[in-house]
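Colleague: For reference, the file coords29.cif (mmCIF, C-alpha atoms) is included below:
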data_coords
#
loop_
_atom_site.label_atom_id
_atom_site.label_comp_id
_atom_site.auth_asym_id
_atom_site.auth_seq_id
_atom_site.Cartn_x
_atom_site.Cartn_y
_atom_site.Cartn_z
CA MET R 1 -0.68 -0.04 28.44
CA PRO R 2 -1.17 3.43 29.97
CA MET R 3 -4.69 4.83 30.19
CA VAL R 4 -5.80 8.45 30.03
CA GLU R 5 -9.03 9.93 31.25
CA VAL R 6 -10.96 12.13 28.78
CA ALA R 7 -14.44 13.46 29.57
CA GLY R 8 -15.00 10.68 32.07
CA LYS R 9 -13.91 7.95 29.67
CA SER R 10 -10.80 5.82 29.98
CA ILE R 11 -8.75 5.62 26.79
CA GLU R 12 -5.75 3.44 26.08
CA VAL R 13 -2.57 5.03 24.68
CA ASP R 14 0.90 3.64 23.96
CA GLU R 15 4.05 4.57 25.85
CA GLU R 16 4.53 7.62 23.60
CA GLY R 17 0.95 8.82 24.03
CA TYR R 18 -0.49 7.71 20.66
CA LEU R 19 -4.01 6.27 20.77
CA THR R 20 -4.03 2.48 20.71
CA ASN R 21 -7.46 2.32 19.08
CA LEU R 22 -8.27 4.67 16.23
CA ALA R 23 -11.97 4.32 17.07
CA ASP R 24 -11.48 6.03 20.45
CA TRP R 25 -10.87 9.33 18.69
CA ASN R 26 -13.29 12.25 18.83
CA GLN R 27 -12.98 16.01 19.08
CA GLU R 28 -12.67 15.95 22.88
CA VAL R 29 -9.89 13.37 22.67
CA ALA R 30 -8.14 15.49 20.04
CA ASP R 31 -8.38 18.55 22.29
CA TYR R 32 -6.92 16.54 25.16
CA LEU R 33 -4.04 15.22 23.04
CA ALA R 34 -3.37 18.74 21.70
CA LYS R 35 -3.19 20.08 25.24
CA GLU R 36 -0.68 17.38 26.15
CA GLU R 37 1.41 18.51 23.16
CA LYS R 38 0.96 22.17 24.16
CA VAL R 39 -0.66 22.94 20.81
CA ASP R 40 -3.48 25.51 20.69
CA MET R 41 -5.84 24.14 18.08
CA THR R 42 -6.93 26.69 15.45
CA ASP R 43 -8.83 26.10 12.20
CA ALA R 44 -5.46 25.75 10.49
CA HIS R 45 -4.48 22.96 12.91
CA TRP R 46 -7.80 21.21 12.43
CA GLU R 47 -7.37 21.37 8.67
CA VAL R 48 -4.14 19.36 8.92
CA VAL R 49 -5.54 16.97 11.52
CA ASN R 50 -8.63 16.32 9.39
CA PHE R 51 -6.45 15.89 6.32
CA LEU R 52 -4.44 13.24 8.16
CA ARG R 53 -7.56 11.39 9.21
CA GLU R 54 -8.82 11.36 5.64
CA TYR R 55 -5.42 10.17 4.44
CA TYR R 56 -5.46 7.35 6.97
CA ASP R 57 -8.98 6.38 6.02
CA GLU R 58 -7.99 6.18 2.37
CA TYR R 59 -4.59 4.45 2.70
CA GLN R 60 -4.59 2.86 6.19
CA ILE R 61 -1.25 4.44 7.12
CA ALA R 62 -0.03 7.67 8.64
CA PRO R 63 2.15 9.30 5.97
CA ALA R 64 5.82 10.18 6.34
CA VAL R 65 6.35 13.95 6.67
CA ARG R 66 7.69 14.26 3.14
CA VAL R 67 4.63 12.49 1.78
CA LEU R 68 2.26 14.50 3.96
CA THR R 69 3.78 17.78 2.78
CA LYS R 70 3.44 16.78 -0.85
CA ALA R 71 -0.14 15.55 -0.41
CA ILE R 72 -1.18 18.75 1.38
CA ALA R 73 0.41 20.87 -1.35
CA LYS R 74 -1.62 18.95 -3.89
CA LYS R 75 -4.92 19.32 -2.05
CA LEU R 76 -4.66 22.59 -0.10
CA GLY R 77 -2.04 24.48 -2.11
CA ALA R 78 1.71 25.08 -1.96
CA ASP R 79 1.33 27.80 0.70
CA LYS R 80 0.25 25.05 3.11
CA GLY R 81 2.12 22.11 1.67
CA ASN R 82 5.55 23.11 2.89
CA ASN R 83 7.70 22.40 5.93
CA LYS R 84 7.68 25.96 7.24
CA TYR R 85 3.89 26.16 7.43
CA LEU R 86 3.49 22.72 8.97
CA TYR R 87 6.28 23.16 11.53
CA GLU R 88 4.83 26.52 12.58
CA LEU R 89 1.58 24.75 13.38
CA PHE R 90 3.26 21.72 14.94
CA PRO R 91 6.71 22.82 16.20
CA TYR R 92 7.77 19.33 17.28
CA GLY R 93 7.02 17.89 13.86
CA PRO R 94 3.76 17.42 11.97
CA ALA R 95 4.31 13.67 11.95
CA LYS R 96 4.79 13.41 15.68
CA GLN R 97 2.27 15.97 16.84
CA ALA R 98 -0.42 16.17 14.16
CA CYS R 99 -0.64 12.39 13.82
CA LYS R 100 -0.92 12.01 17.55
CA ILE R 101 -3.69 14.62 17.78
CA ALA R 102 -5.44 12.98 14.83
CA GLY R 103 -5.45 9.73 16.77
CA LEU R 104 -3.27 7.92 14.23
CA PRO R 105 -0.38 5.57 14.90
CA LYS R 106 3.16 6.88 14.51
CA PRO R 107 3.90 7.38 10.80
CA THR R 108 5.32 4.48 8.83
CA GLY R 109 8.65 5.37 7.33
CA CYS R 110 9.38 7.78 10.15
CA ILE R 111 12.94 7.00 11.24
CA MET I 112 -14.85 -36.26 9.93
CA LEU I 113 -14.41 -32.55 9.35
CA HIS I 114 -11.15 -31.68 7.61
CA ILE I 115 -9.98 -28.10 8.10
CA VAL I 116 -7.41 -26.67 5.68
CA ASN I 117 -5.84 -23.25 6.17
CA LYS I 118 -2.88 -23.24 3.77
CA SER I 119 -2.84 -21.89 0.23
CA ALA I 120 -3.14 -24.71 -2.28
CA THR I 121 -0.80 -22.87 -4.66
CA GLU I 122 1.93 -22.78 -2.02
CA ARG I 123 1.59 -25.93 0.11
CA THR I 124 0.39 -29.49 -0.33
CA ALA I 125 -2.02 -29.52 2.64
CA LEU I 126 -5.13 -29.38 0.46
CA ASP I 127 -3.87 -32.20 -1.79
CA SER I 128 -3.27 -34.42 1.22
CA ALA I 129 -6.60 -33.57 2.82
CA LEU I 130 -8.55 -34.30 -0.37
CA ARG I 131 -6.61 -37.52 -0.98
CA LEU I 132 -7.18 -38.85 2.51
CA ALA I 133 -10.69 -37.61 3.25
CA THR I 134 -13.20 -40.46 3.04
CA LYS I 135 -16.44 -40.27 1.05
CA GLY I 136 -19.09 -38.17 2.76
CA SER I 137 -16.60 -36.19 4.83
CA ALA I 138 -16.64 -32.42 5.02
CA VAL I 139 -13.75 -30.15 4.09
CA LEU I 140 -13.72 -26.59 5.43
CA LEU I 141 -11.40 -24.11 3.74
CA ILE I 142 -10.26 -21.21 5.94
CA GLU I 143 -7.59 -18.48 5.80
CA ASP I 144 -5.32 -18.82 2.74
CA ALA I 145 -6.96 -22.11 1.75
CA VAL I 146 -10.08 -20.26 0.57
CA TYR I 147 -8.33 -19.20 -2.67
CA ALA I 148 -8.61 -22.83 -3.85
CA ALA I 149 -12.40 -22.42 -4.01
CA THR I 150 -12.21 -19.51 -6.46
CA LYS I 151 -12.96 -19.62 -10.17
CA GLY I 152 -9.96 -19.65 -12.46
CA SER I 153 -7.44 -20.78 -9.88
CA THR I 154 -5.32 -23.79 -10.85
CA ALA I 155 -6.48 -25.35 -7.58
CA ALA I 156 -10.16 -24.97 -8.52
CA ALA I 157 -10.17 -28.20 -10.54
CA LYS I 158 -9.13 -30.16 -7.44
CA ILE I 159 -12.05 -28.73 -5.47
CA GLN I 160 -14.43 -29.30 -8.35
CA SER I 161 -13.61 -33.00 -8.66
CA ALA I 162 -13.55 -33.45 -4.88
CA MET I 163 -17.13 -32.21 -4.67
CA ALA I 164 -18.36 -35.53 -6.09
CA ASP I 165 -17.51 -37.29 -2.81
CA LEU I 166 -17.04 -34.51 -0.27
CA GLN I 167 -18.93 -31.54 1.12
CA ILE I 168 -16.79 -28.45 0.56
CA TYR I 169 -17.22 -25.37 2.75
CA ALA I 170 -15.38 -22.04 2.78
CA LEU I 171 -15.31 -19.44 5.54
CA GLY I 172 -17.07 -16.25 4.41
CA PRO I 173 -15.09 -13.69 6.43
CA ASP I 174 -11.83 -15.11 5.04
CA LEU I 175 -13.17 -14.92 1.47
CA GLU I 176 -14.22 -11.30 1.98
CA ALA I 177 -10.91 -10.31 3.59
CA ARG I 178 -9.13 -11.66 0.52
CA GLY I 179 -11.39 -9.97 -2.01
CA VAL I 180 -12.59 -13.25 -3.49
CA ALA I 181 -16.12 -13.60 -2.07
CA GLY I 182 -17.55 -12.98 -5.55
CA ARG I 183 -15.44 -15.66 -7.22
CA VAL I 184 -16.47 -18.76 -5.31
CA LEU I 185 -17.05 -21.98 -7.30
CA ASP I 186 -20.63 -23.18 -7.60
CA GLY I 187 -21.33 -25.94 -5.10
CA VAL I 188 -19.01 -24.64 -2.41
CA LYS I 189 -21.02 -23.70 0.67
CA ILE I 190 -20.07 -20.47 2.38
CA VAL I 191 -20.29 -20.42 6.17
CA ASP I 192 -19.78 -17.69 8.78
CA TYR I 193 -18.16 -18.19 12.19
CA GLY I 194 -21.43 -19.58 13.56
CA GLY I 195 -21.51 -22.07 10.70
CA PHE I 196 -17.91 -23.01 11.47
CA VAL I 197 -18.93 -23.87 15.04
CA ASP I 198 -21.94 -25.83 13.76
CA LEU I 199 -19.70 -27.90 11.48
CA VAL I 200 -17.38 -28.70 14.36
CA THR I 201 -20.25 -29.81 16.59
CA GLU I 202 -21.98 -31.81 13.83
CA HIS I 203 -18.91 -33.97 13.19
CA ASN I 204 -17.50 -36.58 15.54
CA ALA I 205 -13.96 -35.32 15.00
CA CYS I 206 -11.91 -32.63 13.27
CA GLN I 207 -8.62 -32.90 11.49
CA SER I 208 -6.66 -29.70 10.96
CA TRP I 209 -4.17 -29.90 8.09
CA LEU I 210 -1.66 -27.38 9.43
CA MET N 211 17.27 -5.97 7.39
CA SER N 212 20.31 -4.22 8.87
CA ASP N 213 22.33 -5.35 5.85
CA MET N 214 19.74 -3.75 3.65
CA MET N 215 19.94 -0.47 5.56
CA ASP N 216 23.74 -0.55 5.25
CA ASP N 217 23.36 -1.05 1.52
CA MET N 218 20.84 1.73 1.31
CA GLU N 219 22.92 4.22 3.23
CA GLY N 220 26.21 3.23 1.62
CA GLY N 221 27.79 6.21 -0.09
CA GLU N 222 26.28 9.63 -0.54
CA GLY N 223 24.32 9.89 -3.75
CA VAL N 224 24.79 6.27 -4.78
CA VAL N 225 21.53 4.90 -6.13
CA LYS N 226 21.15 1.15 -6.21
CA LYS N 227 18.45 -1.01 -7.71
CA PHE N 228 16.44 -2.61 -4.92
CA MET N 229 13.81 -5.22 -5.65
CA PHE N 230 11.26 -6.55 -3.18
CA VAL N 231 9.79 -9.86 -4.32
CA ASN N 232 6.39 -10.54 -2.73
CA ARG N 233 5.34 -14.17 -2.93
CA LYS N 234 2.85 -14.65 -0.07
CA ALA N 235 -0.91 -14.20 0.20
CA PRO N 236 -1.88 -11.23 2.37
CA HIS N 237 -3.51 -12.35 5.63
CA GLY N 238 -2.54 -15.95 6.39
CA THR N 239 0.98 -14.87 7.35
CA ILE N 240 2.53 -11.53 8.34
CA TYR N 241 5.02 -11.47 5.41
CA ALA N 242 3.01 -9.25 3.08
CA LEU N 243 2.28 -6.56 5.68
CA GLU N 244 5.85 -6.58 7.01
CA ALA N 245 7.26 -6.31 3.49
CA LEU N 246 4.99 -3.37 2.75
CA GLU N 247 6.23 -1.55 5.85
CA VAL N 248 9.85 -2.16 4.87
CA VAL N 249 9.09 -0.83 1.39
CA LEU N 250 7.56 2.35 2.85
CA ILE N 251 10.61 2.86 5.04
CA SER N 252 12.93 2.18 2.10
CA ALA N 253 11.35 5.14 0.29
CA ALA N 254 13.21 7.46 2.71
CA PHE N 255 16.54 6.40 1.18
CA ASP N 256 15.82 7.61 -2.36
CA GLN N 257 16.84 4.37 -4.02
CA ASP N 258 15.60 2.81 -7.25
CA VAL N 259 12.94 0.54 -5.75
CA SER N 260 10.94 -2.08 -7.67
CA LEU N 261 8.18 -4.28 -6.29
CA VAL N 262 7.42 -7.66 -7.77
CA PHE N 263 4.27 -9.64 -7.08
CA ALA N 264 4.64 -13.30 -7.98
CA ASP N 265 3.06 -16.61 -6.95
CA ASP N 266 0.53 -16.02 -4.12
CA GLY N 267 1.92 -12.49 -3.77
CA VAL N 268 -0.39 -11.45 -6.61
CA TYR N 269 -3.28 -11.91 -4.17
CA GLN N 270 -1.96 -8.91 -2.18
CA LEU N 271 -3.18 -6.57 -4.91
CA ILE N 272 -6.70 -7.87 -5.37
CA LYS N 273 -9.56 -5.33 -5.38
CA GLY N 274 -12.76 -5.51 -3.34
CA VAL N 275 -11.28 -6.55 -0.01
CA ASN N 276 -13.36 -6.33 3.17
CA THR N 277 -11.46 -7.30 6.32
CA LYS N 278 -14.16 -6.36 8.86
CA GLY N 279 -15.07 -10.00 9.46
CA ILE N 280 -11.55 -11.06 10.39
CA GLU N 281 -10.87 -7.84 12.30
CA VAL N 282 -7.54 -6.94 10.75
CA LYS N 283 -6.37 -3.85 8.89
CA ASP N 284 -7.17 -3.72 5.17
CA PHE N 285 -3.67 -2.91 3.99
CA SER N 286 -4.58 -3.49 0.33
CA LYS N 287 -5.46 0.23 0.42
CA THR N 288 -1.89 1.06 1.38
CA TYR N 289 -0.53 -0.12 -1.99
CA ARG N 290 -2.35 2.89 -3.43
CA ALA N 291 -0.24 5.17 -1.23
CA LEU N 292 3.02 3.94 -2.78
CA GLU N 293 2.77 6.46 -5.60
CA GLY N 294 2.94 9.28 -3.03
CA TYR N 295 6.13 7.68 -1.70
CA ASP N 296 7.57 7.80 -5.26
CA ILE N 297 7.47 4.02 -5.50
CA GLU N 298 5.96 3.53 -8.91
CA LYS N 299 7.65 0.43 -10.29
CA LEU N 300 5.18 -2.35 -9.62
CA TYR N 301 5.52 -5.55 -11.59
CA VAL N 302 3.24 -8.57 -11.66
CA ASP N 303 4.29 -11.99 -12.89
CA LYS N 304 1.92 -12.89 -15.71
CA ASP N 305 1.97 -16.66 -15.17
CA SER N 306 1.22 -16.25 -11.45
CA MET N 307 -1.66 -13.89 -12.14
CA GLU N 308 -3.22 -16.14 -14.77
CA ALA N 309 -2.81 -19.27 -12.66
CA ARG N 310 -5.06 -17.58 -10.09
CA GLY N 311 -7.76 -16.62 -12.55
CA LEU N 312 -6.93 -12.92 -12.20
CA THR N 313 -6.47 -10.13 -14.72
CA GLU N 314 -5.00 -6.63 -14.45
CA ASP N 315 -8.54 -5.28 -13.99
CA ASP N 316 -8.84 -7.22 -10.72
CA LEU N 317 -5.91 -5.32 -9.17
CA ILE N 318 -6.14 -2.26 -6.91
CA VAL N 319 -3.15 -0.42 -8.44
CA ASP N 320 -1.67 0.10 -11.91
CA VAL N 321 1.02 -2.48 -12.56
CA THR N 322 3.24 -3.67 -15.37
CA VAL N 323 2.59 -7.31 -16.20
CA LEU N 324 5.73 -9.17 -17.26
CA ASP N 325 6.16 -12.56 -18.90
CA SER N 326 8.79 -14.94 -17.55
CA ALA N 327 11.57 -13.74 -19.85
CA ALA N 328 11.03 -10.07 -19.01
CA MET N 329 10.73 -10.82 -15.29
CA ALA N 330 13.91 -12.88 -15.33
CA ALA N 331 15.79 -10.06 -17.04
CA LEU N 332 14.49 -7.49 -14.56
CA MET N 333 15.52 -9.66 -11.60
CA ALA N 334 18.97 -10.27 -13.05
CA ASP N 335 19.46 -6.51 -13.40
CA GLN N 336 19.10 -5.72 -9.65
CA ASP N 337 21.79 -4.78 -7.13
CA VAL N 338 19.84 -6.02 -4.12
CA VAL N 339 16.88 -8.41 -4.04
CA ILE N 340 14.81 -8.87 -0.89
CA SER N 341 12.42 -11.79 -0.91
CA CYS N 342 9.35 -11.68 1.27
#
Before anything else, please render the file you have as structure tokens.
Modeller:
Amino acid sequence: MPMVEVAGKSIEVDEEGYLTNLADWNQEVADYLAKEEKVDMTDAHWEVVNFLREYYDEYQIAPAVRVLTKAIAKKLGADKGNNKYLYELFPYGPAKQACKIAGLPKPTGCI
Amino acid sequence: MLHIVNKSATERTALDSALRLATKGSAVLLIEDAVYAATKGSTAAAKIQSAMADLQIYALGPDLEARGVAGRVLDGVKIVDYGGFVDLVTEHNACQSWL
Amino acid sequence: MSDMMDDMEGGEGVVKKFMFVNRKAPHGTIYALEALEVVLISAAFDQDVSLVFADDGVYQLIKGVNTKGIEVKDFSKTYRALEGYDIEKLYVDKDSMEARGLTEDDLIVDVTVLDSAAMAALMADQDVVISC
């Protein structure tokens, strides 16, 4: 498994760059992963990343994009729970990028 | 002898065979899916209950908890942790795993 | 699996009745977790999906799980995500549930409990049945 170096600590990732161990995640790791994805983290980005971590904590899976969009609409409002908003924040896909930055595995049901 | 059973008693016959062939005074340790047999209300519970007259019945705590049945264990069944599992193995001259 | 995907993709707009029959306890084997992942993926195909929990499969839905000791993922929580995936047809076989000393209140999600006759009719009504 590939390793990455963050703040002097070695962290294991898979071949696509997702964290192998959820517990390795912290804000510094998230910043590192965001940089790798060329995403500048704003409060709006953090809101989605934190939402994903809460979702994972509650259900033990990373949601499919469709499910994420719906769940965000329900919790944060329709102006955020839509594809346009989420793809503006994460141009290469909220599932791929936001989940990675949140330290989650690749979404189940993502095909 | 320590008999170790890891198969669900409502799916396989491993527990039946172990209880039938375990001699008086032996110990039976239920692990993994076998722990359901030691829970109240299960159709397998009666087998464990009658076996307790002649046998010491143990169940592995972490497996009970992982299956959400730690609060349903039959009276008389002794719950052990991994350390207790090791103790049982060392206390007995031999182990038989009913795979 | 690939047959199932062919069935699911077959024909634009055709909705078939898919049933997943879960008959294994959750952690002793990988069946329950694998089936759950297939179900989550199946949600992408917008089919009419039903889940059945029978025999030891009823144990998959039990409340109050703590998997820390055995160091595996507690995927009982994931059944609660199914609603968000629009998978809302969950059926439990009454005889199986009762034979394990369980009631509906012991389960982590809302289910419909069916007696043998109703379960048999539901199974007979499916286009595709996947047993796991």
Colleague: Between atom CA of Glu88 of chain R and atom CA of Ser252 of chain N, what is the distance, to one decimal in Å?
Modeller: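 Going from atom CA of Glu88 of chain R over to atom CA of Ser252 of chain N covers 27.7 Å.
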Colleague: Assuming the chain letters and numbering stay as they are in my file, what does the PyMOL selection byres ((chain N) within 12 of (chain I)) actually select? List them as a PyMOL selection string.
Modeller: chain N and resi 233-239+264-286+305-313+316-318
Colleague: Which residues are near segment 166-169 of chain I? Cut-off 10 Å, all atoms listed in the file, ignore same chain within fewer than 5 positions. Put them as JSON, numbers by chain.
Modeller: {"I": [113, 114, 115, 130, 133, 134, 135, 136, 137, 138, 139, 140, 141, 142, 146, 149, 159, 160, 161, 187, 188, 189, 190, 191, 195, 196, 199]}
Colleague: So how far away is atom CA of Gly103 of chain R from atom CA of Leu33 of chain R, in Å?
Modeller: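 Interatomic distance here is 8.5 Å.
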Colleague: Report the residues retrieved by the PyMOL selection byres ((chain N and resi 262) around 9) from the displayed file, expressed as a compact mmCIF listing (two decimals) with C-alpha atoms, keeping the file's coordinate frame.
Modeller:
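And here's result_14.txt as it stands now:
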# COMPACT_ATOMS: atom_id res chain seq x y z
CA MET N 229 13.81 -5.22 -5.65
CA PHE N 230 11.26 -6.55 -3.18
CA VAL N 231 9.79 -9.86 -4.32
CA ASN N 232 6.39 -10.54 -2.73
CA ARG N 233 5.34 -14.17 -2.93
CA SER N 260 10.94 -2.08 -7.67
CA LEU N 261 8.18 -4.28 -6.29
CA PHE N 263 4.27 -9.64 -7.08
CA ALA N 264 4.64 -13.30 -7.98
CA GLY N 267 1.92 -12.49 -3.77
CA VAL N 268 -0.39 -11.45 -6.61
CA LYS N 299 7.65 0.43 -10.29
CA LEU N 300 5.18 -2.35 -9.62
CA TYR N 301 5.52 -5.55 -11.59
CA VAL N 302 3.24 -8.57 -11.66
CA ASP N 303 4.29 -11.99 -12.89
CA MET N 329 10.73 -10.82 -15.29
Colleague: Set the distance at 7 Å and use all atoms listed in the file: which residues neighbour Thr288 of chain N once local chain neighbours fewer than 2 positions away are removed? I'd like the list as a list in words.
Modeller: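 What passes the distance filter is Tyr59, Gln60 and Ile61 of chain R; Phe285, Ser286, Arg290 and Ala291 of chain N.
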Colleague: How many Å separate atom CA of Asn50 of chain R from atom CA of Pro107 of chain R?
Modeller: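 Computing the Euclidean distance for atom CA of Asn50 of chain R and atom CA of Pro107 of chain R yields 15.5 Å.
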Colleague: Name the residues that the PyMOL selection byres ((chain N and resi 292) around 10) picks from the file above, as number ranges by chain, using the file's chain letters and numbers.
Modeller: R: 59, 67; N: 246, 249-250, 253, 287-291, 293-300, 319
Colleague: Would you export the selected residues with C-alpha atoms as a short mmCIF file (atom, residue, chain, number, x, y, z; two decimals), in the coordinates of the input, please?
Modeller:
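Final output, saved to selection_23.cif:
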data_model
loop_
_atom_site.label_atom_id
_atom_site.label_comp_id
_atom_site.auth_asym_id
_atom_site.auth_seq_id
_atom_site.Cartn_x
_atom_site.Cartn_y
_atom_site.Cartn_z
CA TYR R 59 -4.59 4.45 2.70
CA VAL R 67 4.63 12.49 1.78
CA LEU N 246 4.99 -3.37 2.75
CA VAL N 249 9.09 -0.83 1.39
CA LEU N 250 7.56 2.35 2.85
CA ALA N 253 11.35 5.14 0.29
CA LYS N 287 -5.46 0.23 0.42
CA THR N 288 -1.89 1.06 1.38
CA TYR N 289 -0.53 -0.12 -1.99
CA ARG N 290 -2.35 2.89 -3.43
CA ALA N 291 -0.24 5.17 -1.23
CA GLU N 293 2.77 6.46 -5.60
CA GLY N 294 2.94 9.28 -3.03
CA TYR N 295 6.13 7.68 -1.70
CA ASP N 296 7.57 7.80 -5.26
CA ILE N 297 7.47 4.02 -5.50
CA GLU N 298 5.96 3.53 -8.91
CA LYS N 299 7.65 0.43 -10.29
CA LEU N 300 5.18 -2.35 -9.62
CA VAL N 319 -3.15 -0.42 -8.44
#
Colleague: Determine the nearest neighbour of chain N from the options R:Asn82, R:Asn21, R:Ser10, R:Asn26, counting all atoms listed in the file.
Modeller: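 Using all atoms listed in the file, chain N sits closest to R:Asn21.
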Colleague: Looking at only C-alpha atoms, which of R:Gly17, R:Gly81, R:Pro63, R:Gly8 is the one that sits closest to Glu37 of chain R?
Modeller: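 For Glu37 of chain R, the nearest of the given residues is R:Gly17.
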Colleague: Using all atoms listed in the file, collect all residues at a distance of at most 9 Å from (0.6, 10.2, 18.2) as written in the file, then present them as an MDAnalysis selection string.
Modeller: chainID R and resid 13:14 16:19 33 95:107
Colleague: So, with all atoms listed in the file as the atoms that count, which of R:Glu12, R:Asp24, R:Asp40, R:Glu54 lies closest to Ala71 of chain R?
Modeller: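 Between R:Glu12, R:Asp24, R:Asp40, R:Glu54, the residue approaching Ala71 of chain R most closely is R:Glu54.
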Colleague: Using the partial input, fill out segment 268-280 of chain N with N, CA and C atoms; write the result as a CSV table (one decimal), in the coordinates of the input.
Modeller:
chain,number,residue,atom,x,y,z
N,268,VAL,N,0.6,-12.2,-5.8
N,268,VAL,CA,-0.4,-11.4,-6.6
N,268,VAL,C,-1.7,-11.2,-5.8
N,269,TYR,N,-2.0,-12.1,-4.9
N,269,TYR,CA,-3.3,-11.9,-4.2
N,269,TYR,C,-3.2,-10.6,-3.3
N,270,GLN,N,-2.1,-10.1,-3.0
N,270,GLN,CA,-2.0,-8.9,-2.2
N,270,GLN,C,-2.6,-7.7,-2.8
N,271,LEU,N,-2.7,-7.7,-4.2
N,271,LEU,CA,-3.2,-6.6,-4.9
N,271,LEU,C,-4.6,-6.6,-5.3
N,272,ILE,N,-5.3,-7.7,-4.9
N,272,ILE,CA,-6.7,-7.9,-5.4
N,272,ILE,C,-7.6,-6.8,-4.8
N,273,LYS,N,-8.6,-6.4,-5.7
N,273,LYS,CA,-9.6,-5.3,-5.4
N,273,LYS,C,-10.7,-5.9,-4.5
N,274,GLY,N,-11.5,-5.1,-3.9
N,274,GLY,CA,-12.8,-5.5,-3.3
N,274,GLY,C,-12.6,-6.2,-2.0
N,275,VAL,N,-11.5,-5.9,-1.3
N,275,VAL,CA,-11.3,-6.6,0.0
N,275,VAL,C,-12.2,-5.9,1.1
N,276,ASN,N,-12.6,-6.8,2.0
N,276,ASN,CA,-13.4,-6.3,3.2
N,276,ASN,C,-12.9,-7.2,4.4
N,277,THR,N,-12.1,-6.5,5.2
N,277,THR,CA,-11.5,-7.3,6.3
N,277,THR,C,-12.2,-7.2,7.6
N,278,LYS,N,-13.4,-6.6,7.6
N,278,LYS,CA,-14.2,-6.4,8.9
N,278,LYS,C,-14.4,-7.7,9.6
N,279,GLY,N,-14.7,-8.7,8.8
N,279,GLY,CA,-15.1,-10.0,9.5
N,279,GLY,C,-13.9,-10.6,10.2
N,280,ILE,N,-12.7,-10.4,9.7
N,280,ILE,CA,-11.6,-11.1,10.4
N,280,ILE,C,-10.8,-10.1,11.3
